[in-house]
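**Q** What follows is a single structure, and I will ask about it in a moment.
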Amino acid sequence: MTTDVHAEIIAIGTEILLGEITDTNSVYIARALRDIGINLYFMTSVGDNERRIESAIKIAFERAQVIITCGGLGPTIDDMTRQSVAAATDRGLTFHQDLLDAIAARFAGFRVQMTENNRRQAFLPDASRVIENPVGTAPGFMVEQGDSVVISLPGVPREMKYLMTENVIPYLIEKYQLGGKIIKARVLKTAGIGESALDELIGQAALEASNPTVGLAAHTGQVDVRITAKADSEADADAMIALVEVELRTRIEPYIFAVDQGTIEQALVNVLSAHGMTLAICETGIEPVISLRVRGVDSTDDLLRQVVAYPNPSVLQSALDVSEPLTLRQLAERAAENVATQNGVDVGIAVVCQPDEAQDRADNQEGSAIAVHVRGKTMSRSYGFGGATEMAQLWTGTWGMSMAWRLAKEARA
């Protein structure tokens, strides 16, 4: 059995580099490789340029046995993966009439006339292994180079996923005799603490361990702690992860709100329900953010007592009967306290945004503010993005609920 197999993913397409599409294919492939115990240390994105694709493949050969390319197998002139793989492996291209016939038959099944440029898809690197594609027109292929292999898959997600599941994963398991070796991960989701402070609590020894490994990933209003183990079986991996998790919980338990797929809105509802606490929300200058997410959790009718909304900060200020000038952050603090006291609830959350502000400026140029008031204690934060930005929906919602969860826990401690 091969004990240590390394892979690299090469995502091909100028549209990825221009930010026109999100590369979800590499994420899917990475998880599939993880599940069969193959190490993945590098992901590369490269545009539609034959020489650069060739170079990326040659570099990948220096550090991985398995190179998986995704994209660039279509019929157009900018689909260059076939030529690039051939050049990187010192091969020519061979025409496969049977592939062209299969492509033509697929077009005929759609009652569409195949164009001449589809002929390009029937050329594959010499001595390559064809991966037939029954869910699309672009066949994939494998080129073995000693103990290494380049596997080229189409970029259409449905086609890529089908070929990975039906062809690539079984091939890799057999070729490298993986024998059930898996890589498994568990994510401890934390809130109410920054990444650097969390890093310090966890400690250098745990963060530098090799198996299981522990890593941090900061997101909007939360930090994920990922424990990853490589083992011969799922049970062994679970046992290894459990030992590390127990140790981590002795250091960071107060900040963990969920494991793996848990959400901050579910965690907030859980802590409020567990302690008989109630909630009211005020949202200004933005579409429903927190209220929509909280209402998406089951059994919130009793704890979510009130949701109020205002079109802009000026209307909110008038409703609060405030005459003195306030910053957005100060206004959010007043609103959070007011919505809590006026409705007789334990927790008040307020989001206040400039509704027409579509830019993301520095945070000292306030465009949005969030405040949480829990039984006399208030926390707040302001940002440079306004209510018309994509950032506002994600950041204000997650941060507001994270702080509400943290303060609610402290209030009951």
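Just so we're on the same page: first chain in the structure tokens is A, next is B, and so on; residues restart at 1 for each chain, and ligands are numbered from 1 in the order they show up.
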How would you write, as a PyMOL selection string, the set of residues in region 128-299 of chain A that DSSP gives as alpha helix (DSSP H)?
**A** chain A and resi 157-163+169-175+195-202+204-207+234-252+264-274+290-295
**Q** Where does region 147-238 of chain A meet region 115-135 of chain A within 9 Å, residue by residue, with the nearest atom pair and distance in Å to one decimal for each, counting only C-alpha atoms, listed by chain and rising number, as CSV?
**A**
residue,atom,partner,partner_atom,distance
A:Ser152,CA,A:Ile131,CA,8.9
A:Leu153,CA,A:Ile131,CA,8.5
A:Arg158,CA,A:Val135,CA,7.8
A:Glu159,CA,A:Val135,CA,5.9
A:Tyr162,CA,A:Val135,CA,7.7
A:Leu163,CA,A:Asn133,CA,7.0
A:Asn167,CA,A:Ile131,CA,7.2
A:Val168,CA,A:Ile131,CA,8.6
**Q** Once you have the residues from the selection above, write them out as a tab-separated table (two decimals), in the first residue's frame, restricted to N, CA and C atoms.
**A**
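Result saved to result-v8.tsv:
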chain	number	residue	atom	x	y	z
A	152	SER	N	-7.19	14.83	-16.44
A	152	SER	CA	-7.82	16.05	-16.94
A	152	SER	C	-9.33	15.85	-17.04
A	153	LEU	N	-10.07	16.75	-16.36
A	153	LEU	CA	-11.52	16.66	-16.28
A	153	LEU	C	-12.17	17.90	-16.86
A	158	ARG	N	-21.24	19.45	-13.17
A	158	ARG	CA	-21.95	18.16	-13.19
A	158	ARG	C	-21.09	17.07	-13.82
A	159	GLU	N	-20.42	17.42	-14.92
A	159	GLU	CA	-19.59	16.45	-15.61
A	159	GLU	C	-18.37	16.07	-14.76
A	162	TYR	N	-19.38	13.76	-11.84
A	162	TYR	CA	-19.69	12.40	-12.30
A	162	TYR	C	-18.41	11.62	-12.58
A	163	LEU	N	-17.48	12.22	-13.30
A	163	LEU	CA	-16.25	11.52	-13.65
A	163	LEU	C	-15.38	11.27	-12.43
A	167	ASN	N	-15.09	7.35	-12.05
A	167	ASN	CA	-13.85	6.92	-12.69
A	167	ASN	C	-12.59	7.24	-11.88
A	168	VAL	N	-12.45	8.50	-11.49
A	168	VAL	CA	-11.18	8.95	-10.92
A	168	VAL	C	-10.92	8.35	-9.54
**Q** Have a look at A:Gly71, A:Gly92, A:Pro157, A:Gly348 and name the one nearest to Val372 (chain A); count only C-alpha atoms.
**A**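 Going through A:Gly71, A:Gly92, A:Pro157, A:Gly348 one by one, the smallest distance to Val372 (chain A) is for A:Gly348.
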**Q** Measuring atom to atom with only C-alpha atoms, identify which of A:Val269, A:Ile286, A:Leu172, A:Val347 is nearest to Asp301 (chain A).
**A**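 Using only C-alpha atoms, Asp301 (chain A) sits closest to A:Val269.
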**Q** Find the residues near Thr44 (chain A): any atom within 8 Å, counting only C-alpha atoms, skip ones fewer than 2 places away on the same chain, and give them as a list of chain:residue names.
**A**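 Here the answer would be A:Glu8, A:Ile9, A:Ile10, A:Ala11, A:Phe42, A:Val46, A:Ala56.
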**Q** Now that the selection is made, can you save its residues with C-alpha atoms as an mmCIF file, in the first residue's frame?
**A**
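The new file selection-v8.cif reads:
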data_model
loop_
_atom_site.group_PDB
_atom_site.id
_atom_site.type_symbol
_atom_site.label_atom_id
_atom_site.label_comp_id
_atom_site.auth_asym_id
_atom_site.auth_seq_id
_atom_site.Cartn_x
_atom_site.Cartn_y
_atom_site.Cartn_z
ATOM 1 C CA GLU A 8 -2.289 19.053 -6.765
ATOM 2 C CA ILE A 9 -5.350 20.601 -8.408
ATOM 3 C CA ILE A 10 -4.984 22.945 -11.378
ATOM 4 C CA ALA A 11 -8.094 24.967 -12.186
ATOM 5 C CA PHE A 42 -1.361 23.062 -3.468
ATOM 6 C CA VAL A 46 -4.152 29.409 -14.410
ATOM 7 C CA ALA A 56 1.836 24.764 -14.008
#
**Q** Taking only C-alpha atoms into account, name the residue in A:Arg251, A:Lys175, A:Lys58, A:Arg305 that is nearest to Ala197 (chain A).
**A**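 So, comparing all the options, the nearest one is A:Arg251.
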**Q** Counting only C-alpha atoms, which residues of region 209-289 of chain A fall within 12 Å of region 33-40 of chain A, and what is the closest atom pair for each with its distance in Å at one decimal, ordered by chain and rising number, as a Markdown table?
**A**
| residue | atom | partner | partner_atom | distance |
| --- | --- | --- | --- | --- |
| A:Thr228 | CA | A:Arg34 | CA | 9.8 |
| A:Ala229 | CA | A:Gly37 | CA | 9.5 |
| A:Lys230 | CA | A:Gly37 | CA | 6.6 |
| A:Ala231 | CA | A:Gly37 | CA | 7.8 |
| A:Asp232 | CA | A:Gly37 | CA | 8.5 |
| A:Ser233 | CA | A:Gly37 | CA | 9.8 |
| A:Glu234 | CA | A:Asp35 | CA | 9.5 |
| A:Ala237 | CA | A:Gly37 | CA | 10.9 |
**Q** Measure the distance from CA of Gly136 (chain A) to CA of Gln83 (chain A) in Å and round it to one decimal.
**A** 20.3 Å
**Q** From the list A:Ile241, A:Ala388, A:Ala408, A:Ala7, which residue is nearest Ala64 (chain A) when using only C-alpha atoms?
**A**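 With only C-alpha atoms as the atom set, the closest residue is A:Ala7.
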**Q** Point out the residue among A:Leu268, A:Ala239, A:Ile202, A:Leu394 with the least atom-to-atom distance to His219 (chain A), counting only C-alpha atoms.
**A**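 Comparing A:Leu268, A:Ala239, A:Ile202, A:Leu394 against His219 (chain A), the winner is A:Leu394.
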**Q** Could you check how far CA of Ile59 (chain A) sits from CA of Asp4 (chain A), in Å to one decimal?
**A**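 According to the coordinates, CA of Ile59 (chain A) and CA of Asp4 (chain A) are separated by 19.1 Å.
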**Q** I'd like the neighbourhood of Gly203 (chain A) as an NGL selection string, where a residue qualifies if any of its atoms comes within 12 Å (using only C-alpha atoms), though same-chain residues fewer than 2 positions away should be ignored.
**A** :A and (196-201 or 205-209 or 214-216 or 247-248 or 250-252)
**Q** Using only C-alpha atoms, which of the listed residues (A:Ile264, A:Lys377, A:Thr389, A:Asp238) sits closest to Ile182 (chain A)?
**A**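 Looking at the shortest contact to Ile182 (chain A), the residue is A:Asp238.
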**Q** Check region 230-285 of chain A with DSSP on the backbone and list each residue it calls strand (DSSP E), as JSON, numbers by chain.
**A** {"A": [230, 231, 256, 257, 258, 259, 279, 280, 281, 282, 283, 284]}
**Q** What is the CA of Glu166 (chain A) to CA of Phe141 (chain A) distance in Å?
**A**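 Going from CA of Glu166 (chain A) over to CA of Phe141 (chain A) covers 13.4 Å.
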**Q** Extract, using only C-alpha atoms, all DNA, RNA and protein residues at most 9 Å from region 400-405 of chain A, discarding same-chain residues fewer than 5 positions from it, and format them as a CSV table (one decimal) with N, CA and C atoms, in the first residue's frame.
**A**
chain,number,residue,atom,x,y,z
A,190,THR,N,-16.2,28.9,16.6
A,190,THR,CA,-16.1,29.8,17.8
A,190,THR,C,-16.6,31.2,17.5
A,191,ALA,N,-17.0,31.9,18.5
A,191,ALA,CA,-17.4,33.3,18.4
A,191,ALA,C,-17.0,34.0,19.7
A,192,GLY,N,-17.0,35.4,19.6
A,192,GLY,CA,-16.7,36.2,20.7
A,192,GLY,C,-15.2,36.3,21.0
A,221,GLY,N,-17.3,37.3,11.8
A,221,GLY,CA,-17.9,37.1,13.1
A,221,GLY,C,-17.6,35.8,13.8
A,222,GLN,N,-16.8,35.0,13.2
A,222,GLN,CA,-16.5,33.7,13.9
A,222,GLN,C,-15.1,33.2,13.4
A,257,PHE,N,-19.5,27.6,19.7
A,257,PHE,CA,-20.9,27.6,19.6
A,257,PHE,C,-21.5,26.5,18.8
A,264,ILE,N,-24.6,29.9,13.7
A,264,ILE,CA,-24.7,30.8,14.8
A,264,ILE,C,-26.1,31.2,15.1
A,265,GLU,N,-27.0,31.2,14.2
A,265,GLU,CA,-28.4,31.5,14.5
A,265,GLU,C,-29.0,30.3,15.4
A,267,ALA,N,-27.3,28.4,17.3
A,267,ALA,CA,-26.6,28.5,18.6
A,267,ALA,C,-27.3,29.6,19.5
A,268,LEU,N,-27.6,30.7,18.9
A,268,LEU,CA,-28.3,31.8,19.6
A,268,LEU,C,-29.6,31.4,20.1
A,269,VAL,N,-30.4,30.8,19.2
A,269,VAL,CA,-31.7,30.3,19.6
A,269,VAL,C,-31.6,29.2,20.8
A,271,VAL,N,-29.2,29.0,23.1
A,271,VAL,CA,-28.8,29.5,24.4
A,271,VAL,C,-30.0,30.4,25.0
A,272,LEU,N,-30.7,31.0,24.1
A,272,LEU,CA,-31.9,31.8,24.6
A,272,LEU,C,-33.0,30.9,25.2
A,290,ILE,N,-30.8,39.8,10.4
A,290,ILE,CA,-30.8,38.9,11.6
A,290,ILE,C,-32.2,38.2,11.7
A,294,VAL,N,-32.9,34.2,12.1
A,294,VAL,CA,-33.4,33.7,13.3
A,294,VAL,C,-34.7,33.0,13.1
A,347,VAL,N,-32.7,40.4,25.4
A,347,VAL,CA,-31.6,40.7,24.4
A,347,VAL,C,-32.2,41.6,23.3
A,348,GLY,N,-31.5,42.7,23.0
A,348,GLY,CA,-31.8,43.6,21.9
A,348,GLY,C,-30.7,43.7,20.9
A,349,ILE,N,-31.0,43.5,19.7
A,349,ILE,CA,-29.9,43.6,18.6
A,349,ILE,C,-30.4,44.6,17.6
A,350,ALA,N,-29.5,45.5,17.3
A,350,ALA,CA,-29.8,46.6,16.3
A,350,ALA,C,-28.8,46.6,15.2
A,351,VAL,N,-29.2,46.7,14.0
A,351,VAL,CA,-28.4,46.9,12.8
A,351,VAL,C,-28.8,48.3,12.2
A,370,ILE,N,-23.5,47.8,14.2
A,370,ILE,CA,-24.3,46.7,14.9
A,370,ILE,C,-24.1,46.9,16.4
A,371,ALA,N,-25.1,46.7,17.2
A,371,ALA,CA,-25.0,46.8,18.6
A,371,ALA,C,-25.9,45.7,19.2
A,372,VAL,N,-25.4,45.2,20.4
A,372,VAL,CA,-26.2,44.1,21.1
A,372,VAL,C,-26.3,44.6,22.5
A,373,HIS,N,-27.5,44.6,23.1
A,373,HIS,CA,-27.7,44.9,24.5
A,373,HIS,C,-28.3,43.7,25.2
A,374,VAL,N,-27.6,43.3,26.3
A,374,VAL,CA,-28.1,42.1,27.0
A,374,VAL,C,-28.1,42.5,28.5
A,379,MET,N,-22.5,45.9,23.6
A,379,MET,CA,-21.4,45.8,22.7
A,379,MET,C,-21.7,46.3,21.4
A,380,SER,N,-20.8,46.9,20.7
A,380,SER,CA,-21.1,47.5,19.4
A,380,SER,C,-19.9,47.5,18.5
A,395,TRP,N,-21.9,40.3,7.1
A,395,TRP,CA,-21.1,40.8,8.3
A,395,TRP,C,-22.0,41.2,9.5
A,410,GLU,N,-22.8,34.9,28.9
A,410,GLU,CA,-22.2,35.5,30.1
A,410,GLU,C,-23.2,36.0,31.1
